[in-house]
Amino acid sequence: MTKTERTVALYVAASITGALALALLQAIAGGVLTRALELSEDSIWRGLGVARFGLFKLGLFFAVFGVLWLVLRGESLARRVGAGLLATAVLGWVGKELVFADRGLAALYVLLGLAATLASAFEAWRRWAAAGVLGLVVAATALASQGDSLVEGRNFFAAIVVGVLFCAPAIAWVAATGEAVDRAGVALDR
């Protein structure tokens, strides 16, 4: 197996692992929403476009951004941001028009893609902090775009739960995958 093939295999494995981890976090967040806030878990996730086949949809998001960061590893910040924004637009369009025909999912892809692109511009602990903050922003924006008023207490706390347990980990995973794959590749070379 060549180095490139191994790197691509590691990115695919990271995408699958990220999708599985996020699906698990989605179940945990759904449990919190149902029990503590007495909100319909299904309405939250359906509005975000990840109610059915969430694993496949999340894996697609991780795979697209994983391959993008693989291609752009040594590029300047401006090129990485530009490519991230372009990939976000294309992924949103594909989510809405070609594959899923789901506006909620397309909006979530766009929001997560923008946040992951912005978070990847930071280094070290700042990247994790940016992912956390941007996760809250993405969740609040996604829920508000469904017509839910964030002034209402339950919706505000739902945005926090979705932001902390779903959006922030998705953003952090995308932003950190490149470094993790590089470290795994070095470990396999030994």
# chains A, B, ... in the order shown; residues from 1 in each chain; ligands from 1
$ residues_around --residues "region 102-115 of chain A" --least-positions-apart "5" --cutoff "8 Å" --atoms "only C-alpha atoms" --output "ChimeraX atom specification"
/A:46-50,61,65,84-85,87-89,91-97,131,134-135,138,142,167,170-171
$ atom_distance --atom1 "CA of Leu165 (chain A)" --atom2 "CA of Trp45 (chain A)"
12.8 Å
$ atom_distance --atom1 "CA of Ile160 (chain A)" --atom2 "CA of Ala144 (chain A)"
12.5 Å
$ residues_around --residues "region 21-33 of chain A" --least-positions-apart "3" --cutoff "12 Å" --atoms "only C-alpha atoms" --output "mmCIF file with C-alpha atoms, in the first residue's frame"
data_model
loop_
_atom_site.group_PDB
_atom_site.id
_atom_site.type_symbol
_atom_site.label_atom_id
_atom_site.label_comp_id
_atom_site.auth_asym_id
_atom_site.auth_seq_id
_atom_site.Cartn_x
_atom_site.Cartn_y
_atom_site.Cartn_z
ATOM 1 C CA ALA A 14 -11.666 8.846 10.389
ATOM 2 C CA SER A 15 -14.847 9.862 8.532
ATOM 3 C CA ILE A 16 -16.633 6.664 9.518
ATOM 4 C CA THR A 17 -15.436 6.956 13.108
ATOM 5 C CA GLY A 18 -16.524 10.603 13.255
ATOM 6 C CA ALA A 36 -34.823 17.221 30.679
ATOM 7 C CA LEU A 37 -36.459 19.711 28.343
ATOM 8 C CA GLU A 38 -39.531 17.697 27.310
ATOM 9 C CA LEU A 39 -38.947 18.526 23.652
ATOM 10 C CA SER A 40 -39.687 16.197 20.787
ATOM 11 C CA GLU A 41 -36.327 14.758 19.807
ATOM 12 C CA ASP A 42 -37.644 13.925 16.343
ATOM 13 C CA SER A 43 -38.685 17.506 15.569
ATOM 14 C CA ILE A 44 -35.229 18.865 16.435
ATOM 15 C CA TRP A 45 -33.306 16.371 14.289
ATOM 16 C CA ARG A 46 -35.801 16.348 11.420
ATOM 17 C CA LEU A 48 -31.737 19.826 11.028
ATOM 18 C CA VAL A 50 -30.357 14.322 10.158
ATOM 19 C CA ALA A 51 -33.391 12.367 11.359
ATOM 20 C CA ARG A 52 -33.107 9.469 8.906
ATOM 21 C CA PHE A 53 -29.873 7.944 7.669
ATOM 22 C CA GLY A 54 -28.012 10.370 9.912
ATOM 23 C CA LEU A 55 -24.910 8.210 9.863
ATOM 24 C CA PHE A 56 -24.574 8.301 6.086
ATOM 25 C CA LYS A 57 -25.292 12.026 5.929
ATOM 26 C CA LEU A 58 -22.743 12.813 8.633
ATOM 27 C CA GLY A 59 -20.183 10.489 7.045
ATOM 28 C CA PHE A 61 -19.871 15.647 5.473
ATOM 29 C CA PHE A 62 -16.773 14.290 7.227
ATOM 30 C CA ARG A 154 -36.635 25.393 26.231
ATOM 31 C CA ASN A 155 -35.451 26.405 22.767
ATOM 32 C CA PHE A 156 -32.505 28.314 24.223
ATOM 33 C CA PHE A 157 -31.383 25.282 26.218
ATOM 34 C CA ALA A 158 -32.049 23.016 23.213
ATOM 35 C CA ALA A 159 -29.646 25.193 21.207
ATOM 36 C CA ILE A 160 -27.031 24.767 23.943
ATOM 37 C CA VAL A 161 -27.506 20.984 24.091
ATOM 38 C CA VAL A 162 -27.375 20.602 20.292
ATOM 39 C CA GLY A 163 -24.427 23.006 20.090
ATOM 40 C CA VAL A 164 -22.345 21.306 22.778
ATOM 41 C CA LEU A 165 -23.209 17.654 22.043
ATOM 42 C CA PHE A 166 -23.608 17.728 18.266
ATOM 43 C CA CYS A 167 -22.343 20.785 16.380
ATOM 44 C CA ALA A 168 -19.157 21.548 18.336
ATOM 45 C CA PRO A 169 -17.866 17.942 18.121
ATOM 46 C CA ALA A 170 -18.600 17.864 14.365
ATOM 47 C CA ILE A 171 -16.643 21.075 13.843
ATOM 48 C CA ALA A 172 -13.787 19.947 16.086
ATOM 49 C CA TRP A 173 -13.599 16.581 14.328
ATOM 50 C CA VAL A 174 -13.280 18.196 10.901
#
$ closest_residue --among "A:Glu152, A:Ala83, A:Thr177, A:Arg126" --to "Ala63 (chain A)" --atoms "only C-alpha atoms"
A:Thr177
$ closest_residue --among "A:Ala175, A:Ser145, A:Leu70, A:Leu150" --to "Glu5 (chain A)" --atoms "only C-alpha atoms"
A:Leu70
$ residues_around --residues "Lys3 (chain A)" --least-positions-apart "2" --cutoff "12 Å" --atoms "only C-alpha atoms" --output "PyMOL selection string"
chain A and resi 1+5-10+181-182+184-186+188-189
$ atom_distance --atom1 "CA of Glu179 (chain A)" --atom2 "CA of Trp69 (chain A)"
9.7 Å
$ residues_around --residues "Phe122 (chain A)" --least-positions-apart "2" --cutoff "12 Å" --atoms "only C-alpha atoms" --output "list in words"
Leu77, Arg80, Val81, Ala115, Ala116, Thr117, Leu118, Ala119, Ser120, Ala124, Trp125, Arg126, Arg127, Trp128, Ala129, Ala130, Ala131, Ala172, Ala175 and Ala176 of chain A
